[in-house]
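Visitor: This is my_file15.pdb (PDB, C-alpha atoms).
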ATOM      1  CA  GLN Z   1      51.511-102.110-103.924
ATOM      2  CA  GLU Z   2      54.303-100.864-106.192
ATOM      3  CA  ILE Z   3      53.638-103.731-108.620
ATOM      4  CA  GLU Z   4      49.874-103.143-108.637
ATOM      5  CA  LEU Z   5      50.378 -99.411-109.168
ATOM      6  CA  GLY Z   6      52.636-100.213-112.123
ATOM      7  CA  HIS Z   7      50.058-102.606-113.583
ATOM      8  CA  GLY Z   8      47.458 -99.856-113.403
ATOM      9  CA  VAL Z   9      49.702 -97.360-115.164
ATOM     10  CA  THR Z  10      50.680 -99.923-117.807
ATOM     11  CA  ALA Z  11      47.006-100.723-118.437
ATOM     12  CA  GLY Z  12      46.323 -97.011-118.877
ATOM     13  CA  ILE Z  13      49.143 -96.605-121.391
ATOM     14  CA  LEU Z  14      48.098 -99.722-123.294
ATOM     15  CA  GLY Z  15      44.582 -98.325-123.442
ATOM     16  CA  ALA Z  16      45.976 -95.404-125.440
ATOM     17  CA  ALA Z  17      48.784 -97.130-127.383
ATOM     18  CA  ARG Z  18      48.610-100.650-128.770
ATOM     19  CA  LEU Z  19      51.320-103.250-128.499
ATOM     20  CA  HIS Z  20      53.169-103.830-131.763
ATOM     21  CA  PRO Z  21      51.673-106.940-133.445
ATOM     22  CA  ASP Z  22      55.012-108.677-134.211
ATOM     23  CA  ALA Z  23      55.203-111.512-131.641
ATOM     24  CA  ASN Z  24      58.846-112.259-132.500
ATOM     25  CA  LEU Z  25      59.784-108.643-131.837
ATOM     26  CA  GLN Z  26      57.965-108.749-128.482
ATOM     27  CA  ARG Z  27      59.769-111.962-127.498
ATOM     28  CA  TYR Z  28      63.147-110.496-128.507
ATOM     29  CA  VAL Z  29      62.677-107.310-126.475
ATOM     30  CA  ASN Z  30      61.422-109.358-123.491
ATOM     31  CA  ARG Z  31      64.426-111.689-123.713
ATOM     32  CA  VAL Z  32      66.923-108.804-123.742
ATOM     33  CA  GLY Z  33      64.991-106.876-121.087
ATOM     34  CA  LYS Z  34      64.672-109.788-118.676
ATOM     35  CA  TRP Z  35      68.352-110.631-119.073
ATOM     36  CA  VAL Z  36      69.268-107.028-118.261
ATOM     37  CA  ALA Z  37      66.840-106.924-115.314
ATOM     38  CA  MET Z  38      68.437-110.092-113.878
ATOM     39  CA  HIS Z  39      71.590-108.006-113.408
ATOM     40  CA  SER Z  40      69.848-105.188-111.566
ATOM     41  CA  GLY Z  41      69.257-104.714-107.870
ATOM     42  CA  ARG Z  42      65.532-105.563-108.248
ATOM     43  CA  THR Z  43      65.527-109.177-109.418
ATOM     44  CA  ASP Z  44      62.488-109.781-107.189
ATOM     45  CA  LEU Z  45      60.123-107.923-109.547
ATOM     46  CA  PRO Z  46      57.963-109.610-112.210
ATOM     47  CA  TRP Z  47      59.689-107.774-115.078
ATOM     48  CA  SER Z  48      57.851-107.432-118.376
ATOM     49  CA  PHE Z  49      58.872-105.573-121.512
ATOM     50  CA  GLY Z  50      56.858-104.571-124.530
ATOM     51  CA  VAL Z  51      57.010-102.629-127.775
ATOM     52  CA  ILE Z  52      54.199-100.175-128.432
ATOM     53  CA  GLU Z  53      53.220 -98.944-131.873
ATOM     54  CA  GLY Z  54      54.085 -95.436-132.940
ATOM     55  CA  GLU Z  55      56.900 -93.384-134.342
ATOM     56  CA  SER Z  56      57.649 -91.433-131.180
ATOM     57  CA  ILE Z  57      61.123 -91.789-129.693
ATOM     58  CA  ASN Z  58      60.388 -92.922-126.167
ATOM     59  CA  ALA Z  59      60.583 -95.586-123.498
ATOM     60  CA  PHE Z  60      58.679 -95.753-120.213
ATOM     61  CA  ALA Z  61      59.314 -97.589-116.969
ATOM     62  CA  MET Z  62      56.483 -98.104-114.536
ATOM     63  CA  PRO Z  63      56.784 -98.894-110.845
ATOM     64  CA  GLY Z  64      56.938-102.624-110.290
ATOM     65  CA  GLY Z  65      58.904-103.594-113.389
ATOM     66  CA  SER Z  66      56.872-102.972-116.546
ATOM     67  CA  VAL Z  67      58.854-101.312-119.329
ATOM     68  CA  LEU Z  68      57.549-100.151-122.715
ATOM     69  CA  ILE Z  69      59.620 -98.950-125.665
ATOM     70  CA  SER Z  70      58.165 -97.301-128.749
ATOM     71  CA  HIS Z  71      58.601 -98.971-132.113
ATOM     72  CA  GLY Z  72      59.933 -95.645-133.404
ATOM     73  CA  LEU Z  73      62.823 -95.732-130.932
ATOM     74  CA  LEU Z  74      63.467 -99.433-131.469
ATOM     75  CA  ARG Z  75      63.751 -98.926-135.247
ATOM     76  CA  ARG Z  76      66.437 -96.260-134.733
ATOM     77  CA  LEU Z  77      68.661 -98.499-132.611
ATOM     78  CA  GLY Z  78      71.547-100.117-134.448
ATOM     79  CA  SER Z  79      72.447-103.052-132.203
ATOM     80  CA  GLU Z  80      71.356-105.270-129.349
ATOM     81  CA  SER Z  81      73.804-103.398-127.098
ATOM     82  CA  GLU Z  82      71.898-100.188-127.837
ATOM     83  CA  LEU Z  83      68.584-101.896-127.025
ATOM     84  CA  ALA Z  84      70.120-103.245-123.801
ATOM     85  CA  ALA Z  85      71.286 -99.713-122.917
ATOM     86  CA  VAL Z  86      67.782 -98.269-123.357
ATOM     87  CA  LEU Z  87      66.184-101.073-121.352
ATOM     88  CA  ALA Z  88      68.901-100.899-118.666
ATOM     89  CA  HIS Z  89      68.246 -97.152-118.327
ATOM     90  CA  GLU Z  90      64.540 -97.872-117.748
ATOM     91  CA  VAL Z  91      65.355-100.748-115.356
ATOM     92  CA  ALA Z  92      67.563 -98.302-113.443
ATOM     93  CA  HIS Z  93      64.602 -95.917-113.047
ATOM     94  CA  VAL Z  94      62.627 -98.761-111.454
ATOM     95  CA  GLU Z  95      65.549 -99.859-109.273
ATOM     96  CA  LEU Z  96      66.001 -96.292-108.029
ATOM     97  CA  LYS Z  97      62.204 -95.874-107.608
ATOM     98  CA  HIS Z  98      62.228 -92.665-109.619
ATOM     99  CA  GLN Z  99      58.596 -93.006-110.708
ATOM    100  CA  LEU Z 100      57.442 -93.393-107.127
ATOM    101  CA  GLN Z 101      59.418 -90.283-106.179
ATOM    102  CA  ALA Z 102      57.877 -88.419-109.128
ATOM    103  CA  ILE Z 103      54.380 -89.425-108.021
ATOM    104  CA  GLN Z 104      55.038 -88.114-104.529
ATOM    105  CA  ALA Z 105      56.539 -84.874-105.844
ATOM    106  CA  SER Z 106      53.941 -84.269-108.578
ATOM    107  CA  LEU Z 107      50.689 -84.964-106.877
ATOM    108  CA  ASN Z 108      49.640 -82.263-104.500
ATOM    109  CA  SER Z 109      48.238 -83.445-101.218
ATOM    110  CA  ASP Z 110      44.609 -82.835-102.280
ATOM    111  CA  VAL Z 111      44.856 -85.025-105.394
ATOM    112  CA  TRP Z 112      46.774 -87.727-103.484
ATOM    113  CA  ALA Z 113      44.222 -87.601-100.650
ATOM    114  CA  GLY Z 114      41.388 -87.923-103.194
ATOM    115  CA  LEU Z 115      43.052 -90.952-104.771
ATOM    116  CA  GLY Z 116      43.547 -92.444-101.301
ATOM    117  CA  LYS Z 117      39.868 -91.931-100.451
ATOM    118  CA  ASP Z 118      38.841 -93.572-103.720
ATOM    119  CA  ALA Z 119      41.147 -96.516-103.029
ATOM    120  CA  ALA Z 120      39.808 -96.889 -99.497
ATOM    121  CA  GLY Z 121      36.207 -96.720-100.735
ATOM    122  CA  GLN Z 122      36.865 -99.366-103.380
ATOM    123  CA  ALA Z 123      38.620-101.566-100.825
ATOM    124  CA  ILE Z 124      35.698-101.384 -98.423
ATOM    125  CA  GLY Z 125      33.205-102.057-101.221
ATOM    126  CA  ARG Z 126      35.000-105.181-102.505
ATOM    127  CA  ARG Z 127      36.360-107.730-100.107
ATOM    128  CA  GLY Z 128      36.676-110.467-102.775
ATOM    129  CA  GLY Z 129      39.900-111.552-104.572
ATOM    130  CA  ASP Z 130      42.390-110.300-102.017
ATOM    131  CA  ALA Z 131      42.015-109.673 -98.307
ATOM    132  CA  PHE Z 132      40.663-106.125 -98.516
ATOM    133  CA  GLY Z 133      40.254-105.525-102.256
ATOM    134  CA  LEU Z 134      43.373-103.365-102.268
ATOM    135  CA  LYS Z 135      44.972-104.778-105.416
ATOM    136  CA  GLY Z 136      42.326-103.320-107.703
ATOM    137  CA  ALA Z 137      42.205-100.085-105.751
ATOM    138  CA  VAL Z 138      45.951 -99.537-106.011
ATOM    139  CA  ALA Z 139      45.886-100.406-109.723
ATOM    140  CA  GLY Z 140      43.075 -97.887-110.106
ATOM    141  CA  MET Z 141      45.274 -95.303-108.425
ATOM    142  CA  GLY Z 142      47.862 -95.982-111.137
ATOM    143  CA  VAL Z 143      45.325 -95.275-113.860
ATOM    144  CA  ASP Z 144      44.239 -92.098-112.026
ATOM    145  CA  ALA Z 145      47.866 -90.962-111.735
ATOM    146  CA  LEU Z 146      48.236 -91.499-115.485
ATOM    147  CA  LYS Z 147      45.046 -89.512-116.166
ATOM    148  CA  ASN Z 148      46.403 -86.689-114.006
ATOM    149  CA  GLY Z 149      49.504 -86.574-116.217
ATOM    150  CA  VAL Z 150      52.027 -87.757-113.637
ATOM    151  CA  PHE Z 151      53.615 -90.308-116.009
ATOM    152  CA  LEU Z 152      53.511 -88.014-119.019
ATOM    153  CA  ARG Z 153      55.870 -85.486-117.444
ATOM    154  CA  PRO Z 154      59.599 -85.980-117.905
ATOM    155  CA  LEU Z 155      61.597 -87.012-114.867
ATOM    156  CA  ASP Z 156      63.955 -84.448-113.458
ATOM    157  CA  ARG Z 157      67.346 -84.158-115.144
ATOM    158  CA  GLY Z 158      69.193 -85.442-112.048
ATOM    159  CA  MET Z 159      67.125 -88.649-112.111
ATOM    160  CA  GLU Z 160      67.870 -89.088-115.827
ATOM    161  CA  TYR Z 161      71.626 -88.771-115.259
ATOM    162  CA  GLU Z 162      71.424 -91.182-112.330
ATOM    163  CA  ALA Z 163      69.553 -93.708-114.513
ATOM    164  CA  ASP Z 164      72.118 -93.229-117.306
ATOM    165  CA  ARG Z 165      74.972 -94.057-114.927
ATOM    166  CA  LEU Z 166      73.301 -97.061-113.302
ATOM    167  CA  GLY Z 167      71.916 -98.212-116.665
ATOM    168  CA  MET Z 168      75.418 -98.350-118.107
ATOM    169  CA  VAL Z 169      76.553-100.441-115.129
ATOM    170  CA  ILE Z 170      73.573-102.811-115.469
ATOM    171  CA  ALA Z 171      74.075-103.216-119.240
ATOM    172  CA  THR Z 172      77.790-103.880-118.736
ATOM    173  CA  ARG Z 173      77.092-106.429-115.963
ATOM    174  CA  SER Z 174      74.747-108.113-118.452
ATOM    175  CA  GLY Z 175      77.618-108.573-120.897
ATOM    176  CA  TYR Z 176      76.710-105.781-123.316
ATOM    177  CA  ASP Z 177      79.086-103.224-124.768
ATOM    178  CA  PRO Z 178      78.969-100.122-122.520
ATOM    179  CA  TYR Z 179      79.378 -97.954-125.614
ATOM    180  CA  GLY Z 180      75.831 -98.973-126.528
ATOM    181  CA  MET Z 181      74.703 -96.211-124.157
ATOM    182  CA  VAL Z 182      76.916 -93.692-125.963
ATOM    183  CA  ALA Z 183      75.436 -94.732-129.321
ATOM    184  CA  VAL Z 184      71.901 -94.315-127.929
ATOM    185  CA  MET Z 185      72.773 -90.821-126.689
ATOM    186  CA  GLN Z 186      73.989 -89.968-130.205
ATOM    187  CA  VAL Z 187      70.732 -91.260-131.719
ATOM    188  CA  LEU Z 188      68.716 -89.183-129.257
ATOM    189  CA  ALA Z 189      70.841 -86.083-129.909
ATOM    190  CA  GLN Z 190      70.206 -86.421-133.660
ATOM    191  CA  GLU Z 191      66.474 -86.653-133.068
TER     192      GLU Z 191
END
Output the file's structure in the form of structure tokens.
Guide:
Amino acid sequence: QEIELGHGVTAGILGAARLHPDANLQRYVNRVGKWVAMHSGRTDLPWSFGVIEGESINAFAMPGGSVLISHGLLRRLGSESELAAVLAHEVAHVELKHQLQAIQASLNSDVWAGLGKDAAGQAIGRRGGDAFGLKGAVAGMGVDALKNGVFLRPLDRGMEYEADRLGMVIATRSGYDPYGMVAVMQVLAQE
């Protein structure tokens, strides 16, 4: 369910922001990201990484292992170690299930109950592809959570620090210079 929820959120984001057209750039970011993810505590996930167009300075991790980085942020990074630090930070959010915690904290019980009713109704209406039609319903919940602004809000500062710490460990385990994280922090402070 975590993976399907993440697919729904990713689809919602990609409906609003296009992937960067440079296939070589996409392959490069995927190669670095998957290498970093192999050194995390969630190697069981179907990790995917992508670069979205735009000049914003941002990266997003969705439940289930989808990670997007903006082209604007990527252009400001000075080395592969810095890219690995950004991706490791996002991988850490997924490993620590921060997005799932944010969903639970952000959605009041009425909105969550409404999403649950919609998912149940869709599941009952479609018994095709999977046993109870739950895959599409859960993915739809991800899109609804995106529409409700859950993934547009910043995570709490404690979660960010936790992801910074674990991200540095993951990047270092992956063979990257741990000072890549420091350099990224300097880039972000300048922006």
Visitor: Name the residues captured by the PyMOL selection byres ((chain Z and resi 44-47) around 7) when it is applied to the shown file; answer as a list in words.
Guide: Lys34, Arg42, Thr43, Ser48, Phe49, Gly64, Gly65 and Ser66 of chain Z
Visitor: Compare Z:Lys97, Z:Gln190, Z:Gly158, Z:Asn58 by their minimum atom-to-atom distance to Z:Gly6, counting all atoms listed in the file, and give me the closest one.
Guide: Z:Lys97
Visitor: Name the residues that the PyMOL selection byres ((chain Z and resi 85-91) around 8) picks from the file above, as a list in words, using the file's chain letters and numbers.
Guide: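 Selected by the PyMOL selection byres ((chain Z and resi 85-91) around 8) in this file: Gly33, Val36, Ala37, Ser40, Ala59, Phe60, Ala61, Gly65, Val67, Ser81, Glu82, Leu83, Ala84, Ala92, His93, Val94, Glu95, Ala163, Asp164, Leu166, Gly167, Met168, Ile170, Ala171, Pro178, Gly180, Met181 and Val184 of chain Z.
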Visitor: For the atom pair atom CA of Z:Ala17 and atom CA of Z:Met159, what is the interatomic distance in Å to one decimal place?
Guide: 25.3 Å
Visitor: So how many Å separate atom CA of Z:Glu80 and atom CA of Z:Thr10, to one decimal?
Guide: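 Computed distance, atom CA of Z:Glu80 to atom CA of Z:Thr10, equals 24.3 Å.
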Visitor: State, in Å with one decimal place, the distance from atom CA of Z:Leu188 to atom CA of Z:Arg76.
Guide: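 Computing the Euclidean distance for atom CA of Z:Leu188 and atom CA of Z:Arg76 yields 9.2 Å.
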Visitor: If you count all atoms listed in the file, which residues fall within 12 Å of Z:Arg75, apart from same-chain ones fewer than 2 positions away, as a tab-separated table (two decimals) with C-alpha atoms, keeping the file's coordinate frame?
Guide:
chain	number	residue	atom	x	y	z
Z	25	LEU	CA	59.78	-108.64	-131.84
Z	51	VAL	CA	57.01	-102.63	-127.78
Z	52	ILE	CA	54.20	-100.18	-128.43
Z	53	GLU	CA	53.22	-98.94	-131.87
Z	54	GLY	CA	54.08	-95.44	-132.94
Z	55	GLU	CA	56.90	-93.38	-134.34
Z	56	SER	CA	57.65	-91.43	-131.18
Z	57	ILE	CA	61.12	-91.79	-129.69
Z	58	ASN	CA	60.39	-92.92	-126.17
Z	69	ILE	CA	59.62	-98.95	-125.66
Z	70	SER	CA	58.16	-97.30	-128.75
Z	71	HIS	CA	58.60	-98.97	-132.11
Z	72	GLY	CA	59.93	-95.64	-133.40
Z	73	LEU	CA	62.82	-95.73	-130.93
Z	77	LEU	CA	68.66	-98.50	-132.61
Z	78	GLY	CA	71.55	-100.12	-134.45
Z	79	SER	CA	72.45	-103.05	-132.20
Z	80	GLU	CA	71.36	-105.27	-129.35
Z	82	GLU	CA	71.90	-100.19	-127.84
Z	83	LEU	CA	68.58	-101.90	-127.02
Z	184	VAL	CA	71.90	-94.32	-127.93
Z	187	VAL	CA	70.73	-91.26	-131.72
Visitor: Please determine, counting only C-alpha atoms, which residue among Z:Val32, Z:Met62, Z:Leu155, Z:Met38 has the shortest atom-to-atom distance to Z:Gly8.
Guide: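 Result for the nearest residue to Z:Gly8: Z:Met62.
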Visitor: Out of Z:Asn30, Z:Leu74, Z:Asp156, Z:Val182, which residue has the shortest atom-to-atom distance to Z:Ala102 when counting only C-alpha atoms?
Guide: Z:Asp156
Visitor: Restricting the calculation to only C-alpha atoms: of Z:Gly15, Z:Gly50, Z:Glu2, Z:Arg173, which residue gets closest to Z:Tyr28?
Guide: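 Of Z:Gly15, Z:Gly50, Z:Glu2, Z:Arg173, the one nearest Z:Tyr28, counting only C-alpha atoms, is Z:Gly50.
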Visitor: Ranking Z:Asp177, Z:Leu68, Z:Gln101, Z:His39 by minimum distance to Z:Leu14 and counting all atoms listed in the file, which one comes first?
Guide: Z:Leu68
